[in-house]
Structure formats: C-alpha cells, structure tokens
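K.L.:
Next comes coords_2.tsv, TSV, C-alpha atoms:
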chain	number	residue	atom	x	y	z
A	21	MET	CA	-1.32	12.81	14.80
A	22	LYS	CA	-2.94	9.62	16.11
A	23	ALA	CA	-3.33	6.52	13.91
A	24	ARG	CA	-5.59	3.75	15.19
A	25	VAL	CA	-4.69	0.32	13.88
A	26	LEU	CA	-7.19	-2.56	13.94
A	27	PHE	CA	-5.12	-5.17	15.72
A	28	SER	CA	-5.55	-8.94	15.97
A	29	GLY	CA	-2.23	-9.70	17.68
A	30	GLY	CA	-1.01	-11.33	14.45
A	31	LYS	CA	1.99	-10.40	12.34
A	32	ASP	CA	0.25	-8.34	9.64
A	33	SER	CA	-1.51	-5.82	11.85
A	34	ALA	CA	1.61	-5.71	14.06
A	35	LEU	CA	3.78	-4.85	11.07
A	36	ALA	CA	1.28	-2.23	9.89
A	37	ALA	CA	1.62	-0.62	13.34
A	38	VAL	CA	5.42	-0.66	13.19
A	39	ILE	CA	5.40	1.02	9.76
A	40	LEU	CA	2.90	3.66	10.84
A	41	CYS	CA	4.66	4.45	14.11
A	42	LYS	CA	7.51	6.00	12.12
A	43	PHE	CA	5.07	8.69	11.00
A	44	PHE	CA	2.17	8.78	13.46
A	45	GLU	CA	1.28	8.16	17.08
A	46	VAL	CA	-0.04	4.58	16.97
A	47	GLU	CA	-2.85	3.18	19.11
A	48	LEU	CA	-3.85	-0.46	18.68
A	49	VAL	CA	-7.57	-1.29	18.72
A	50	THR	CA	-8.92	-4.82	19.08
A	51	CYS	CA	-12.58	-5.45	18.40
A	52	THR	CA	-14.62	-8.10	20.16
A	53	PHE	CA	-18.23	-9.22	20.23
A	54	GLY	CA	-17.78	-10.53	23.76
A	55	LEU	CA	-18.13	-14.19	22.71
A	56	LEU	CA	-14.54	-15.17	23.50
A	57	GLU	CA	-11.68	-13.79	25.52
A	58	ASN	CA	-9.13	-14.04	22.70
A	59	TRP	CA	-8.73	-10.24	22.85
A	60	LYS	CA	-6.48	-10.95	25.85
A	61	ASN	CA	-3.89	-12.42	23.48
A	62	ALA	CA	-4.02	-9.27	21.36
A	63	LYS	CA	-3.58	-7.24	24.54
A	64	ARG	CA	-0.48	-9.25	25.49
A	65	ALA	CA	0.97	-8.74	22.00
A	66	ALA	CA	0.24	-5.00	22.22
A	67	GLU	CA	1.99	-4.83	25.59
A	68	CYS	CA	5.16	-6.46	24.30
A	69	MET	CA	5.12	-4.04	21.36
A	70	GLY	CA	4.81	-1.09	23.71
A	71	PHE	CA	1.86	0.61	22.01
A	72	PRO	CA	-1.27	1.95	23.73
A	73	PHE	CA	-4.11	-0.55	23.40
A	74	LYS	CA	-7.87	-0.23	23.35
A	75	ILE	CA	-10.68	-2.79	23.33
A	76	LEU	CA	-13.71	-1.90	21.27
A	77	ASN	CA	-16.91	-3.83	21.96
A	78	LEU	CA	-18.86	-4.24	18.77
A	79	ASN	CA	-22.60	-4.70	18.69
A	80	ARG	CA	-23.71	-8.34	18.42
A	81	SER	CA	-26.03	-7.44	15.55
A	82	ILE	CA	-22.91	-7.01	13.36
A	83	ILE	CA	-21.74	-10.59	13.85
A	84	ASP	CA	-25.32	-11.90	13.65
A	85	CYS	CA	-25.68	-10.26	10.29
A	86	ALA	CA	-22.27	-11.59	9.14
A	87	VAL	CA	-23.18	-15.14	10.20
A	88	GLU	CA	-26.43	-14.94	8.24
A	89	GLN	CA	-24.51	-13.89	5.16
A	90	ILE	CA	-21.89	-16.63	5.62
A	91	ILE	CA	-24.56	-19.32	5.92
A	92	LYS	CA	-26.35	-17.96	2.87
A	93	ASP	CA	-23.14	-17.62	0.79
A	94	GLY	CA	-21.60	-20.89	2.01
A	95	THR	CA	-18.28	-19.03	2.31
A	96	LEU	CA	-16.62	-16.67	4.78
A	97	ARG	CA	-15.52	-13.89	2.48
A	98	GLY	CA	-18.55	-11.57	2.39
A	99	GLY	CA	-19.32	-11.94	6.09
A	100	ILE	CA	-15.76	-11.18	7.18
A	101	THR	CA	-15.55	-8.16	4.90
A	102	LYS	CA	-18.84	-6.93	6.39
A	103	ILE	CA	-17.43	-7.24	9.94
A	104	HIS	CA	-14.22	-5.49	8.94
A	105	LYS	CA	-16.10	-2.61	7.37
A	106	SER	CA	-18.27	-2.25	10.49
A	107	ALA	CA	-15.17	-2.38	12.71
A	108	LEU	CA	-13.54	0.39	10.67
A	109	GLU	CA	-16.71	2.47	10.92
A	110	GLU	CA	-16.89	2.00	14.69
A	111	VAL	CA	-13.27	3.08	15.08
A	112	ALA	CA	-13.94	6.02	12.76
A	113	LYS	CA	-16.77	7.13	15.06
A	114	LEU	CA	-14.46	7.46	18.08
A	115	SER	CA	-14.26	11.14	18.89
A	116	ASP	CA	-10.61	11.77	18.08
A	117	SER	CA	-10.11	9.38	15.19
A	118	VAL	CA	-8.30	10.95	12.24
A	119	ILE	CA	-6.37	8.04	10.81
A	120	LEU	CA	-7.60	4.44	10.70
A	121	SER	CA	-5.53	1.54	9.61
A	122	ASP	CA	-5.26	-2.24	9.45
A	123	GLY	CA	-3.02	-5.08	8.34
A	124	CYS	CA	-4.65	-5.77	4.94
A	125	ARG	CA	-1.98	-6.91	2.46
A	126	ARG	CA	-1.62	-6.72	-1.31
A	127	ASP	CA	-2.42	-10.39	-1.81
A	128	ASP	CA	-5.20	-10.75	0.76
A	129	ARG	CA	-8.48	-12.00	-0.60
A	130	THR	CA	-10.41	-11.39	2.62
A	131	PRO	CA	-11.35	-8.82	3.82
A	132	VAL	CA	-11.26	-6.72	0.68
A	133	LEU	CA	-12.96	-3.35	0.56
A	134	SER	CA	-13.44	-1.77	-2.85
A	135	HIS	CA	-11.94	1.66	-3.58
A	136	GLY	CA	-15.47	3.04	-3.42
A	137	GLU	CA	-16.08	1.57	0.04
A	138	ILE	CA	-12.75	2.92	1.29
A	139	ARG	CA	-13.48	6.42	0.04
A	140	SER	CA	-17.02	6.25	1.37
A	141	ILE	CA	-15.73	5.55	4.93
A	142	GLU	CA	-13.22	8.41	4.57
A	143	ASP	CA	-15.85	10.88	3.40
A	144	LYS	CA	-18.65	9.81	5.75
A	145	PHE	CA	-16.55	10.01	8.91
A	146	ASP	CA	-13.98	12.59	7.78
A	147	VAL	CA	-11.07	10.23	8.43
A	148	GLN	CA	-8.08	8.94	6.51
A	149	TYR	CA	-7.97	5.18	6.09
A	150	ILE	CA	-4.47	3.84	5.42
A	151	GLN	CA	-3.52	0.29	4.54
A	152	PRO	CA	0.28	0.36	4.97
A	153	LEU	CA	0.69	-3.20	3.64
A	154	ALA	CA	-1.51	-2.78	0.56
A	155	GLY	CA	1.58	-2.46	-1.62
A	156	PHE	CA	3.64	-5.19	0.05
A	157	GLY	CA	3.88	-8.80	-1.14
A	158	ARG	CA	4.39	-11.82	1.07
A	159	LYS	CA	8.20	-11.98	0.73
A	160	THR	CA	8.74	-8.41	1.88
A	161	ILE	CA	6.32	-8.87	4.75
A	162	ASP	CA	8.19	-12.00	5.84
A	163	VAL	CA	11.53	-10.14	5.74
A	164	LEU	CA	10.20	-7.30	7.91
A	165	VAL	CA	8.26	-9.55	10.29
A	166	ASP	CA	11.41	-11.57	10.85
A	167	ARG	CA	13.37	-8.38	11.51
A	168	TYR	CA	10.96	-7.01	14.12
A	169	PHE	CA	9.07	-9.84	15.77
A	170	GLU	CA	9.35	-13.12	17.48
A	171	ILE	CA	6.15	-14.86	16.41
A	172	GLU	CA	4.27	-18.08	16.88
A	173	GLU	CA	2.74	-19.33	13.63
A	174	LYS	CA	0.66	-22.47	13.25
A	175	GLU	CA	-1.78	-24.05	10.89
A	176	GLY	CA	-5.28	-24.62	12.11
A	177	TRP	CA	-7.05	-22.96	14.98
A	178	LEU	CA	-4.65	-23.60	17.83
A	179	ILE	CA	-3.40	-20.04	18.15
A	180	LYS	CA	-6.11	-18.01	19.76
A	181	GLY	CA	-5.53	-14.82	17.81
A	182	CYS	CA	-8.12	-12.14	17.64
A	183	GLU	CA	-9.09	-12.34	13.98
A	184	TYR	CA	-12.84	-12.20	13.39
A	185	GLU	CA	-12.87	-15.88	12.41
A	186	TYR	CA	-12.55	-17.07	16.01
A	187	GLU	CA	-15.75	-15.52	17.26
A	188	LEU	CA	-17.47	-16.44	14.00
A	189	ARG	CA	-16.49	-20.11	14.55
A	190	GLU	CA	-17.78	-19.93	18.08
A	191	LEU	CA	-21.14	-18.48	17.08
A	192	ILE	CA	-21.64	-20.71	14.03
A	193	GLY	CA	-20.76	-23.78	16.13
A	194	LYS	CA	-23.32	-22.79	18.77
A	195	ARG	CA	-26.09	-21.98	16.31
A	196	TYR	CA	-25.60	-24.54	13.58
A	197	GLY	CA	-23.62	-27.29	15.36
A	198	ASN	CA	-19.92	-28.10	15.20
A	199	ASP	CA	-20.37	-30.11	11.99
A	200	LYS	CA	-20.97	-26.85	10.16
A	201	ILE	CA	-17.50	-25.53	11.04
A	202	PRO	CA	-15.33	-27.69	8.73
A	203	GLU	CA	-17.69	-26.85	5.84
A	204	LEU	CA	-16.95	-23.16	6.20
A	205	PHE	CA	-13.57	-22.75	7.87
A	206	PRO	CA	-10.46	-23.98	6.06
A	207	ARG	CA	-8.30	-26.41	8.03
A	208	ALA	CA	-5.08	-25.35	6.34
A	209	HIS	CA	-5.36	-21.84	7.63
A	210	THR	CA	-2.30	-20.24	9.19
A	211	HIS	CA	-2.54	-17.75	12.01
A	212	SER	CA	0.25	-15.96	13.75
A	213	ARG	CA	0.69	-14.20	17.06
A	214	VAL	CA	3.36	-11.76	18.09
A	215	LEU	CA	5.22	-13.04	21.16
A	216	ASN	CA	7.92	-10.42	21.39
A	217	MET	CA	9.72	-7.59	19.63
A	218	LYS	CA	13.29	-8.19	18.45
A	219	VAL	CA	13.81	-4.52	17.61
A	220	LYS	CA	11.65	-1.70	18.93
A	221	GLY	CA	9.54	-0.19	16.13
B	8	MET	CA	18.98	-4.53	1.98
B	9	LYS	CA	18.84	-2.17	-1.02
B	10	ALA	CA	15.52	-0.81	-2.34
B	11	ARG	CA	15.57	0.92	-5.72
B	12	VAL	CA	12.82	3.50	-6.16
B	13	LEU	CA	11.73	4.70	-9.61
B	14	PHE	CA	12.06	8.44	-9.11
B	15	SER	CA	10.65	11.35	-11.11
B	16	GLY	CA	11.67	14.13	-8.72
B	17	GLY	CA	7.97	14.60	-7.83
B	18	LYS	CA	6.33	14.30	-4.43
B	19	ASP	CA	4.92	10.78	-4.73
B	20	SER	CA	8.12	8.93	-5.58
B	21	ALA	CA	9.97	11.14	-3.07
B	22	LEU	CA	7.53	10.16	-0.31
B	23	ALA	CA	7.79	6.49	-1.27
B	24	ALA	CA	11.56	6.81	-0.82
B	25	VAL	CA	11.20	8.46	2.60
B	26	ILE	CA	8.87	5.68	3.79
B	27	LEU	CA	11.15	2.93	2.49
B	28	CYS	CA	14.33	4.47	3.91
B	29	LYS	CA	13.07	3.65	7.42
B	30	PHE	CA	13.39	-0.02	6.54
B	31	PHE	CA	15.80	-0.36	3.60
B	32	GLU	CA	18.82	1.25	2.00
B	33	VAL	CA	17.21	3.46	-0.66
B	34	GLU	CA	18.66	4.23	-4.09
B	35	LEU	CA	16.73	6.50	-6.46
B	36	VAL	CA	16.60	5.53	-10.13
B	37	THR	CA	15.44	7.88	-12.87
B	38	CYS	CA	14.77	6.48	-16.31
B	39	THR	CA	15.30	8.42	-19.52
B	40	PHE	CA	15.07	7.73	-23.23
B	41	GLY	CA	17.62	10.46	-23.91
B	42	LEU	CA	15.08	12.77	-25.61
B	43	LEU	CA	15.16	15.47	-22.92
B	44	GLU	CA	17.41	16.47	-20.07
B	45	ASN	CA	14.64	16.62	-17.48
B	46	TRP	CA	16.43	13.85	-15.56
B	47	LYS	CA	18.67	16.66	-14.29
B	48	ASN	CA	15.76	17.98	-12.23
B	49	ALA	CA	15.26	14.54	-10.72
B	50	LYS	CA	18.98	14.45	-9.94
B	51	ARG	CA	18.77	17.81	-8.14
B	52	ALA	CA	15.77	16.58	-6.11
B	53	ALA	CA	17.67	13.39	-5.23
B	54	GLU	CA	20.67	15.43	-4.10
B	55	CYS	CA	18.62	17.58	-1.76
B	56	MET	CA	17.05	14.43	-0.33
B	57	GLY	CA	20.46	12.93	0.28
B	58	PHE	CA	19.85	9.58	-1.39
B	59	PRO	CA	22.16	7.85	-3.89
B	60	PHE	CA	20.92	8.44	-7.43
B	61	LYS	CA	21.22	6.50	-10.65
B	62	ILE	CA	20.26	7.28	-14.23
B	63	LEU	CA	18.97	4.36	-16.26
B	64	ASN	CA	18.93	4.77	-20.04
B	65	LEU	CA	15.99	2.89	-21.47
B	66	ASN	CA	15.94	1.56	-25.00
B	67	ARG	CA	14.17	3.85	-27.49
B	68	SER	CA	12.12	0.92	-28.75
B	69	ILE	CA	10.17	1.04	-25.45
B	70	ILE	CA	8.96	4.60	-25.98
B	71	ASP	CA	8.40	3.96	-29.69
B	72	CYS	CA	6.15	1.10	-28.82
B	73	ALA	CA	4.33	3.18	-26.16
B	74	VAL	CA	3.76	6.04	-28.64
B	75	GLU	CA	2.28	3.62	-31.17
B	76	GLN	CA	-0.12	2.34	-28.54
B	77	ILE	CA	-1.06	5.87	-27.41
B	78	ILE	CA	-1.84	6.95	-30.98
B	79	LYS	CA	-3.86	3.78	-31.55
B	80	ASP	CA	-5.75	4.07	-28.22
B	81	GLY	CA	-6.21	7.85	-28.40
B	82	THR	CA	-5.31	7.98	-24.69
B	83	LEU	CA	-2.14	7.88	-22.59
B	84	ARG	CA	-3.03	5.19	-20.09
B	85	GLY	CA	-1.94	1.99	-21.82
B	86	GLY	CA	1.28	3.48	-23.20
B	87	ILE	CA	2.37	4.91	-19.87
B	88	THR	CA	1.65	1.65	-18.08
B	89	LYS	CA	3.71	-0.16	-20.73
B	90	ILE	CA	6.68	2.19	-20.13
B	91	HIS	CA	6.37	1.82	-16.37
B	92	LYS	CA	6.34	-1.95	-16.62
B	93	SER	CA	9.42	-1.89	-18.87
B	94	ALA	CA	11.18	0.52	-16.49
B	95	LEU	CA	10.48	-1.82	-13.56
B	96	GLU	CA	11.81	-4.76	-15.56
B	97	GLU	CA	14.99	-2.88	-16.49
B	98	VAL	CA	15.60	-1.96	-12.84
B	99	ALA	CA	14.86	-5.57	-11.87
B	100	LYS	CA	17.57	-6.75	-14.28
B	101	LEU	CA	20.31	-4.72	-12.54
B	102	SER	CA	22.65	-7.21	-10.94
B	103	ASP	CA	22.01	-6.43	-7.27
B	104	SER	CA	18.31	-5.52	-7.40
B	105	VAL	CA	16.29	-7.21	-4.68
B	106	ILE	CA	13.59	-4.64	-3.95
B	107	LEU	CA	11.97	-2.38	-6.56
B	108	SER	CA	9.58	0.37	-5.74
B	109	ASP	CA	7.75	3.42	-7.07
B	110	GLY	CA	5.36	6.19	-6.08
B	111	CYS	CA	2.12	4.60	-7.32
B	112	ARG	CA	-0.76	5.65	-5.04
B	113	ARG	CA	-4.06	4.07	-4.08
B	114	ASP	CA	-6.10	6.43	-6.25
B	115	ASP	CA	-3.78	6.54	-9.28
B	116	ARG	CA	-5.36	5.51	-12.53
B	117	THR	CA	-2.10	5.53	-14.50
B	118	PRO	CA	0.15	3.58	-14.44
B	119	VAL	CA	-1.72	0.63	-13.00
B	120	LEU	CA	-0.24	-2.84	-13.10
B	121	SER	CA	-2.56	-5.74	-12.35
B	122	HIS	CA	-1.80	-8.09	-9.46
B	123	GLY	CA	-0.85	-10.68	-12.06
B	124	GLU	CA	1.65	-8.32	-13.75
B	125	ILE	CA	3.17	-7.40	-10.38
B	126	ARG	CA	3.63	-11.03	-9.39
B	127	SER	CA	4.96	-11.89	-12.82
B	128	ILE	CA	7.75	-9.27	-12.48
B	129	GLU	CA	8.54	-10.59	-8.99
B	130	ASP	CA	8.75	-14.21	-10.13
B	131	LYS	CA	10.54	-13.60	-13.44
B	132	PHE	CA	13.34	-11.50	-11.95
B	133	ASP	CA	13.32	-12.89	-8.40
B	134	VAL	CA	12.69	-9.45	-6.87
B	135	GLN	CA	10.24	-7.93	-4.45
B	136	TYR	CA	8.19	-5.08	-5.87
B	137	ILE	CA	6.79	-2.73	-3.19
B	138	GLN	CA	4.37	0.14	-3.71
B	139	PRO	CA	4.58	1.93	-0.34
B	140	LEU	CA	1.79	4.37	-1.26
B	141	ALA	CA	-0.66	1.78	-2.60
B	142	GLY	CA	-2.64	1.97	0.63
B	143	PHE	CA	-2.47	5.75	1.08
B	144	GLY	CA	-5.14	8.21	-0.04
B	145	ARG	CA	-4.53	11.76	-1.19
B	146	LYS	CA	-5.12	13.44	2.20
B	147	THR	CA	-2.54	11.33	4.02
B	148	ILE	CA	-0.03	11.82	1.23
B	149	ASP	CA	-0.55	15.59	1.42
B	150	VAL	CA	0.00	15.54	5.21
B	151	LEU	CA	3.27	13.61	4.88
B	152	VAL	CA	4.52	15.55	1.84
B	153	ASP	CA	3.95	18.77	3.74
B	154	ARG	CA	5.84	17.38	6.72
B	155	TYR	CA	8.91	16.32	4.75
B	156	PHE	CA	9.26	18.42	1.62
B	157	GLU	CA	9.34	21.87	0.22
B	158	ILE	CA	7.78	21.38	-3.20
B	159	GLU	CA	6.88	23.32	-6.31
B	160	GLU	CA	3.50	22.27	-7.69
B	161	LYS	CA	1.90	23.67	-10.83
B	162	GLU	CA	-0.78	22.87	-13.33
B	163	GLY	CA	0.27	22.27	-16.90
B	164	TRP	CA	3.67	21.38	-18.21
B	165	LEU	CA	5.82	24.14	-16.76
B	166	ILE	CA	7.59	22.00	-14.20
B	167	LYS	CA	10.09	19.87	-16.00
B	168	GLY	CA	9.72	16.78	-13.86
B	169	CYS	CA	10.89	13.43	-15.01
B	170	GLU	CA	7.57	11.64	-15.42
B	171	TYR	CA	7.31	9.62	-18.64
B	172	GLU	CA	4.82	12.13	-20.05
B	173	TYR	CA	7.51	14.71	-20.81
B	174	GLU	CA	9.49	12.58	-23.21
B	175	LEU	CA	6.26	11.19	-24.66
B	176	ARG	CA	5.07	14.75	-25.40
B	177	GLU	CA	8.40	15.52	-27.03
B	178	LEU	CA	8.31	12.46	-29.26
B	179	ILE	CA	4.65	12.73	-30.18
B	180	GLY	CA	5.13	16.44	-31.02
B	181	LYS	CA	8.07	15.60	-33.27
B	182	ARG	CA	6.38	12.70	-35.03
B	183	TYR	CA	2.78	13.81	-35.27
B	184	GLY	CA	3.05	17.61	-34.92
B	185	ASN	CA	2.34	19.82	-31.93
B	186	ASP	CA	-1.40	19.87	-32.70
B	187	LYS	CA	-1.57	16.25	-31.58
B	188	ILE	CA	-0.40	17.13	-28.06
B	189	PRO	CA	-3.55	18.83	-26.66
B	190	GLU	CA	-5.63	15.91	-27.98
B	191	LEU	CA	-3.71	13.45	-25.83
B	192	PHE	CA	-2.22	15.33	-22.88
B	193	PRO	CA	-4.57	16.92	-20.34
B	194	ARG	CA	-4.01	20.62	-19.73
B	195	ALA	CA	-5.24	20.50	-16.15
B	196	HIS	CA	-2.50	18.14	-15.11
B	197	THR	CA	-0.58	18.90	-11.94
B	198	HIS	CA	3.05	17.98	-11.52
B	199	SER	CA	5.24	18.55	-8.53
B	200	ARG	CA	8.95	18.73	-7.91
B	201	VAL	CA	10.81	18.39	-4.63
B	202	LEU	CA	12.88	21.51	-3.98
B	203	ASN	CA	14.11	20.72	-0.51
B	204	MET	CA	13.68	18.54	2.56
B	205	LYS	CA	12.16	20.08	5.69
B	206	VAL	CA	13.01	17.05	7.82
B	207	LYS	CA	15.53	14.39	6.85
B	208	GLY	CA	13.80	11.10	6.05
Could the structure of this file be written out as structure tokens, please?

P.N.:
Amino acid sequence: MKARVLFSGGKDSALAAVILCKFFEVELVTCTFGLLENWKNAKRAAECMGFPFKILNLNRSIIDCAVEQIIKDGTLRGGITKIHKSALEEVAKLSDSVILSDGCRRDDRTPVLSHGEIRSIEDKFDVQYIQPLAGFGRKTIDVLVDRYFEIEEKEGWLIKGCEYEYELRELIGKRYGNDKIPELFPRAHTHSRVLNMKVKG
Amino acid sequence: MKARVLFSGGKDSALAAVILCKFFEVELVTCTFGLLENWKNAKRAAECMGFPFKILNLNRSIIDCAVEQIIKDGTLRGGITKIHKSALEEVAKLSDSVILSDGCRRDDRTPVLSHGEIRSIEDKFDVQYIQPLAGFGRKTIDVLVDRYFEIEEKEGWLIKGCEYEYELRELIGKRYGNDKIPELFPRAHTHSRVLNMKVKG
C-alpha cells in the first residue's frame, strides 16, 4: 500500500516518512511552483534516504491566491495553510493515491488543517490522510531525528529547503519589494535539511 | 528507551504499542481501581502480543472524583478525561518513565486532553507523552488493525475490556442503582479486544 509524503527535505517530513515506511510503501513528493530550484535539495535528501521521489508542479494560481491572502492578513499563517491544503488535494488527485501524509507536528501552528478540512479531503478524494507526527512533541522528534539523520539546521533563510515559505518569499519580494519580506517572514526561523541517514529507515 | 503504553486490551492501544515498538522498548500498563478483574483480559492480550505487562493500581479517590463529575455533568466525557489524565500522571511518576503513550485517535472525542494539559504533564514529570494514533483516521487504523491483530469486536458491554468505562459502570450501578447506567452509558458502544497477533509487531 503506497503512502505519499509531502516532503520538503527537512527533518519533520523526513521523520514522517521513516515512521510510515515501517507500515507502507513510501514515496516522497515535493511540490513546486517553478519559481525556485530548491526542490533539488529535497531531491538530494530523498536520494540519501533511499525513497522514490516525485516532483509535483502546482498551478501558479495557488501561490498567487496565497500571496494575496498573506498581504491582506499581514501574516503567513492562512496563506501557507491554503497552499498546504491545495498541495494535499493535488497529491490526492494522482491516480493511485490512497494514503497521503506530511510532517505536521503536534505543536505546529502552521499549517494547521481543522478536523473538518482533513475529513473533507479524505471523503472528497477517497484517500486516507495521515499525520504521523501529530501526536509527537518536540523532544521525541529530536530524539528520533538524531537517531536517524545527519541534518543541517540553521536560523534564517540560509538553508534552501523546500518549504512553501521560500517560493512565497521570492514572489512577495518580486511583487511588493524586498522591504516587505522582513515584515512578514520571521528572522528567527529555523529550517533543517537532511544530509544523510545514520540508520536506514 | 522505554515507552509505557496505557493499555486496555483493545485494538487502539494495541496498535499504538505496535507502532511504538518499531522505535522504543514497549511496556504495556493497565490501570485498575480494583473494582473488577477485567485487567486479566488486558493481561491475556498483552501476553499474546509478547510485550512486558504491568498492572498499576490507581487510588479509589480518582474514580470517586470522576463519578461525582459524571453525575454532575450527566455525561461521561469529563470524568473519563479526568481518569485518563490521572492515569497518565501515575505512569509518569514511575521511577524510570521517560515516554508515556496511549491509543487516543484523531477522531476520538473522549478522552481528550488539551495541548496545554499534555505539555503540563510533560513539564511537570519530565516525560515525553506520545499519542501515535493522533494523526490517524479510522480507515487507516482499520487497515493496520486488520494486518496485525485477530480481534473480537462487539457492540454493548459484552466484551470485558479494560477501558475505564467498565469500572465506572460498576461503581455507578452500586452507588446510584442500575437504572442510572442506561442514562449515562451509550448502548451502541463498540469495544474490541485483541485475541491474537497475525504478524509480530
């Protein structure tokens, strides 16, 4: 039974994949709007993890719509959740998708789908959407990440991971000028990237 | 690293244990107030699963307090959540507890601890509390249960599992008369019990 995991190349979605691979046949899926080539870093992480990897090109209208919402709200949360929901729906539409998954954690504040939204995706596309880390706190995640992965983790935007924020920054900078970026994107934001596996999942 | 799983002998806590055993050294813990001997069924389920098993005797004042709340509320939810929280705290107090866990699922309505209550247990007792099924919907749980377990599943109260409801029914029946039971306990309630493992976890 195949489980597709939305994969940024960072530690959370990587750990979700390692948990799921004990029970399902994992395929990693990285979404891009074609604005940056940061998906290549996710691809490299997928290769070192040894899982099949797929790029999914999302329609630009999705990120356009998210940017509009972010500018209107003055905060990232709603726009990122909108992109994540669309990404899940696009993966759900793939012909042989039965199980969808991601690296959302118990204490994440963004993206957060409500129970209703989760069940609506499941019913609409006849899929099962699993969040393997939804019941895990930060300490446990750190213990498991340290057991399985060699990672690079830095504050700021130096690591070119494949979270939605990178393409959002790019687009917002182009449309509204680079001065808009520090208003919306936190500086003290930590991103991680999987460099290698210590133990095979 | 040891992970203690609150175990009723039913399919949810059994599946939580099977998921966790891929990453930690699982020990099953069944709580009892000493009003019934239904913990013996949990012990049998634990034996067929091949995990170490522990009985934890909880103080009667916990169930007394839960019964008072249930009578006051006219519904089980708050009282059961109170017992579950106390059970987690008692397991957390055991000298070598680092990881606590249970079979709470994404769509469960009872017991439900808030994020604040979860983090408060973690901080107060310096433990990690994991809910491996918090991100799993019913369909996925059914798929995995069917893969791993032979179970008995029935509506009503015929299966003597070791969920808190059984001792609560006993105590409420004794204190308030058996007529009180159908007012509070749903008839169309399904309980399950693990009879055997199809595949070792």

K.L.:
Neighbours of stretch 118-126 of chain B within 7 Å (only C-alpha atoms; same-chain residues fewer than 6 positions away dropped), as a ChimeraX atom specification?

P.N.:
/B:84,87-88,91

K.L.:
Now that the selection is made, can you save its residues with C-alpha atoms as an mmCIF file, in the frame of the given file?

P.N.:
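Result saved to result14.cif:
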data_model
loop_
_atom_site.group_PDB
_atom_site.id
_atom_site.type_symbol
_atom_site.label_atom_id
_atom_site.label_comp_id
_atom_site.auth_asym_id
_atom_site.auth_seq_id
_atom_site.Cartn_x
_atom_site.Cartn_y
_atom_site.Cartn_z
ATOM 1 C CA ARG B 84 -3.030 5.190 -20.090
ATOM 2 C CA ILE B 87 2.370 4.910 -19.870
ATOM 3 C CA THR B 88 1.650 1.650 -18.080
ATOM 4 C CA HIS B 91 6.370 1.820 -16.370
#

K.L.:
Rounded to one decimal place, report the atom CA of B:Asp80-atom CA of B:Arg67 distance in Å.

P.N.:
19.9 Å

K.L.:
Listing only residues of chain A within 10 Å of chain B, what is the closest atom pair and its distance in Å (to one decimal) for each, using all atoms listed in the file, sorted by chain and residue number ascending, as CSV?

P.N.:
residue,atom,partner,partner_atom,distance
A:Ile39,CA,B:Ile26,CA,8.3
A:Leu40,CA,B:Ile26,CA,9.5
A:Lys42,CA,B:Lys29,CA,7.7
A:Phe43,CA,B:Leu151,CA,8.1
A:Phe44,CA,B:Leu151,CA,9.9
A:Ile119,CA,B:Thr147,CA,8.5
A:Ser121,CA,B:Gly142,CA,9.4
A:Cys124,CA,B:Gly142,CA,9.1
A:Arg125,CA,B:Gly142,CA,9.1
A:Arg126,CA,B:His122,CA,8.3
A:Asp127,CA,B:His122,CA,8.0
A:His135,CA,B:Asp114,CA,8.0
A:Ile138,CA,B:Gly144,CA,9.4
A:Arg139,CA,B:Gly144,CA,8.5
A:Glu142,CA,B:Gly144,CA,9.3
A:Val147,CA,B:Lys146,CA,9.2
A:Gln148,CA,B:Thr147,CA,6.5
A:Tyr149,CA,B:Gly144,CA,7.4
A:Ile150,CA,B:Phe143,CA,5.1
A:Gln151,CA,B:Gly142,CA,4.3
A:Pro152,CA,B:Gly142,CA,5.5
A:Leu153,CA,B:Gly142,CA,6.8
A:Ala154,CA,B:Gly142,CA,4.9
A:Gly155,CA,B:Gln138,CA,4.3
A:Phe156,CA,B:Ile137,CA,5.1
A:Gly157,CA,B:Ile137,CA,7.0
A:Arg158,CA,B:Gln135,CA,8.9
A:Lys159,CA,B:Gln135,CA,6.9
A:Thr160,CA,B:Gln135,CA,6.5
A:Leu164,CA,B:Phe30,CA,8.1
A:Arg167,CA,B:Phe30,CA,9.7

K.L.:
If we count all atoms listed in the file, what is near stretch 38-40 of chain B at a cut-off of 10 Å, once residues fewer than 2 positions away on the same chain are taken out, given as a VMD selection string?

P.N.:
chain B and resid 13 to 15 36 42 to 46 49 61 to 70 90 to 91 94 to 95 97 to 98 169 to 171 174 to 175

K.L.:
Which distance in Å separates atom CA of B:Arg182 and atom CA of B:Leu83, to one decimal?

P.N.:
15.8 Å

K.L.:
So which one's closest to A:Met69, A:Gly193, A:Gly54, A:Gly30, A:Gly99? Using all atoms listed in the file, please.

P.N.:
A:Gly30

K.L.:
Hey, can you check how far atom CA of B:Ala23 sits from atom CA of B:Gly110?

P.N.:
5.4 Å

K.L.:
Using only C-alpha atoms, which of A:His211, A:Glu67, A:Phe169, A:Leu191 sits nearest A:Glu88?

P.N.:
A:Leu191

K.L.:
In the coordinates of the file, take the point (4.5, 17.3, 0.1) and a cut-off of 12 Å; then, counting all atoms listed in the file, name each qualifying protein, DNA or RNA residue as JSON, numbers by chain.

P.N.:
{"B": [16, 17, 18, 19, 20, 21, 22, 23, 25, 145, 146, 147, 148, 149, 150, 151, 152, 153, 154, 155, 156, 157, 158, 159, 160, 198, 199, 200, 201, 202, 203, 204, 205, 206]}

K.L.:
Can you report as JSON the centre and edge lengths in Å, to one decimal, of an axis-aligned box around the listed atoms of stretch 62-66 of chain A padded with 5 Å on each side?

P.N.:
{"center_x": -1.5, "center_y": -7.1, "center_z": 23.4, "size_x": 15.0, "size_y": 14.3, "size_z": 14.1}

K.L.:
List every protein, DNA or RNA residue that has at least one atom no more than 12 Å from (-17.7, -24.0, 7.3) in the file's coordinates, counting all atoms listed in the file, and write the result as a ChimeraX atom specification.

P.N.:
/A:87,90-97,185,188-193,196-207

K.L.:
Which one is closest to A:Phe73: A:Cys85, A:Gly98, A:Val118, A:Ala23? Count all atoms listed in the file.

P.N.:
A:Ala23
